[in-house]
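Colleague: Provided herewith is a single structure, encoded as structure tokens, for subsequent inquiry.
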Amino acid sequence: GQGQLLDAAGLQIYKGEWQWGMKHGEGTYYFKQDDVQRRYSGQWFCDEFRGLGKLEVLEEDLDELRRAKPQTIVSYEGHFAAAEGQFPRPVNLMKLDLDKHASIIKAYFPTRPAPPRRQGDDATASTGGGAREGPAMQFSGEPPRDYAQELYSLDGADLRHCGPSQTCTIQYADGTLYEGPCLA
């Protein structure tokens, strides 16, 4: 389905399609690599760039790269090939077995008793009782592992997935533009 991932400050990290708790389908992802903010918009497969997409350095970091690293690729548009199966596919949440997956359920779907209900609350008024323990409540658990962040925050890891592509566009920090096949 569709969804988004936000960081602790509420800034968007990813917006797009999800499957199995992973970025999968079409989406846009923002990440840092060596203090350079980048964006990937395109196709995903199990948390990896795969298919057609565009990877680019965001505008606020271009001036520094032009000055310090003019041969740096600041934009690549074309095909991305992922090392399919590099990351384990998570368990299908619709088919969890209570005994077999107890540790997963405890980590990602923790429950604890609701606060006691007080006399006079709507729920206790009909029973005429005093304080009663409420039903178990579902709380959010650990966030799922972000494999894309682990992989693409490494310097150059994003470009290793570029190509092969019959046609691509590569722009360098110094303004040089390449259009043609990418054989990587």
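If you're wondering about the labels, chains in the structure tokens are A, B, ... by order shown, residues count from 1 in each chain, ligands from 1 in order shown.
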For Glu56 (chain A), list every protein, DNA or RNA residue within 7 Å, evaluated using only C-alpha atoms, and leave out those in the same chain fewer than 4 positions away; present the list as a ChimeraX atom specification.
Modeller: /A:38-40,74-76
Colleague: May I have the selected residues written with N, CA, C and O atoms, as a PDB file, in the first residue's frame?
Modeller:
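Done, and the output landed in result10.pdb:
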```pdb
ATOM      1  N   ARG A  38      20.762  13.565  -0.438  1.00  0.00           N
ATOM      2  CA  ARG A  38      20.403  13.018  -1.753  1.00  0.00           C
ATOM      3  C   ARG A  38      18.928  12.627  -1.785  1.00  0.00           C
ATOM      4  O   ARG A  38      18.312  12.406  -0.750  1.00  0.00           O
ATOM      5  N   ARG A  39      18.420  12.487  -3.010  1.00  0.00           N
ATOM      6  CA  ARG A  39      17.035  12.041  -3.197  1.00  0.00           C
ATOM      7  C   ARG A  39      17.030  11.011  -4.330  1.00  0.00           C
ATOM      8  O   ARG A  39      17.655  11.199  -5.374  1.00  0.00           O
ATOM      9  N   TYR A  40      16.288   9.939  -4.097  1.00  0.00           N
ATOM     10  CA  TYR A  40      16.050   8.951  -5.139  1.00  0.00           C
ATOM     11  C   TYR A  40      14.552   8.898  -5.363  1.00  0.00           C
ATOM     12  O   TYR A  40      13.782   8.713  -4.421  1.00  0.00           O
ATOM     13  N   VAL A  74      26.376  14.167  -9.588  1.00  0.00           N
ATOM     14  CA  VAL A  74      25.331  14.799  -8.779  1.00  0.00           C
ATOM     15  C   VAL A  74      23.929  14.398  -9.234  1.00  0.00           C
ATOM     16  O   VAL A  74      22.951  14.673  -8.551  1.00  0.00           O
ATOM     17  N   SER A  75      23.840  13.738 -10.398  1.00  0.00           N
ATOM     18  CA  SER A  75      22.541  13.277 -10.868  1.00  0.00           C
ATOM     19  C   SER A  75      22.736  12.104 -11.830  1.00  0.00           C
ATOM     20  O   SER A  75      23.595  12.151 -12.707  1.00  0.00           O
ATOM     21  N   TYR A  76      21.959  11.059 -11.612  1.00  0.00           N
ATOM     22  CA  TYR A  76      21.934   9.914 -12.518  1.00  0.00           C
ATOM     23  C   TYR A  76      20.473   9.583 -12.745  1.00  0.00           C
ATOM     24  O   TYR A  76      19.708   9.419 -11.795  1.00  0.00           O
TER      25      TYR A  76
END
```
Colleague: So what do you get for CA of Asp7 (chain A) versus CA of Leu62 (chain A), distance-wise?
Modeller: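 CA of Leu62 (chain A) lies 23.4 Å from CA of Asp7 (chain A).
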Colleague: Need the shell around Lys54 (chain A): protein/DNA/RNA residues with any atom at most 12 Å away, counting only C-alpha atoms. Skip same-chain ones fewer than 4 positions apart. Format as a ChimeraX atom specification?
Modeller: /A:26-30,38-44,49-50,58,74-80,158-159,161-163,168-171
Colleague: I'd like to know which residues of region 2-65 of chain A are alpha helix (DSSP H) (by DSSP, run on the backbone); could you write them as a list of chain:residue names?
Modeller: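 Matching residues, listed in order: A:Leu62, A:Asp63, A:Glu64, A:Leu65.
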Colleague: How far is it from CA of Lys69 (chain A) to CA of Gly53 (chain A), in Å with one decimal?
Modeller: 23.7 Å
Colleague: One number please: CA of Leu52 (chain A) to CA of Pro181 (chain A), in Å, one decimal.
Modeller: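 It comes out at 13.8 Å.
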Colleague: Just want the 8 Å neighbourhood of Glu17 (chain A), counted on only C-alpha atoms, with same-chain residues fewer than 4 positions away dropped. Output as a PyMOL selection string.
Modeller: chain A and resi 1-3+23-27
Colleague: Residues of the last selection are to be written out with C-alpha atoms, as a PDB file, in the first residue's frame.
Modeller:
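Written output follows (result_18.pdb):
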```pdb
ATOM      1  CA  GLY A   1       0.000   0.000   0.000  1.00  0.00           C
ATOM      2  CA  GLN A   2       0.864   3.682   0.087  1.00  0.00           C
ATOM      3  CA  GLY A   3       2.569   5.292   3.070  1.00  0.00           C
ATOM      4  CA  LYS A  23       9.946   0.144   0.249  1.00  0.00           C
ATOM      5  CA  HIS A  24       8.597  -1.654  -2.807  1.00  0.00           C
ATOM      6  CA  GLY A  25       7.057  -0.200  -5.984  1.00  0.00           C
ATOM      7  CA  GLU A  26       7.284   3.544  -6.727  1.00  0.00           C
ATOM      8  CA  GLY A  27       8.553   6.027  -4.174  1.00  0.00           C
TER       9      GLY A  27
END
```
Colleague: Given the choices A:Glu59, A:Asp97, A:Asp174, A:Asp146, which gets closest to Tyr14 (chain A) if the distance is worked out from only C-alpha atoms?
Modeller: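 Using only C-alpha atoms, the shortest distance to Tyr14 (chain A) belongs to A:Asp146.
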Colleague: Pick the closest to Leu5 (chain A) from A:Gly180, A:Lys32, A:Gln149, A:Ile104: which is it, counting only C-alpha atoms?
Modeller: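 So, comparing all the options, the nearest one is A:Gln149.
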Colleague: Under the rule that only C-alpha atoms are counted, which of A:Ile73, A:Ala148, A:Leu98, A:Ile105 is the nearest residue to Gly175 (chain A)?
Modeller: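 Residue with the minimum atom-to-atom distance to Gly175 (chain A): A:Ile73.
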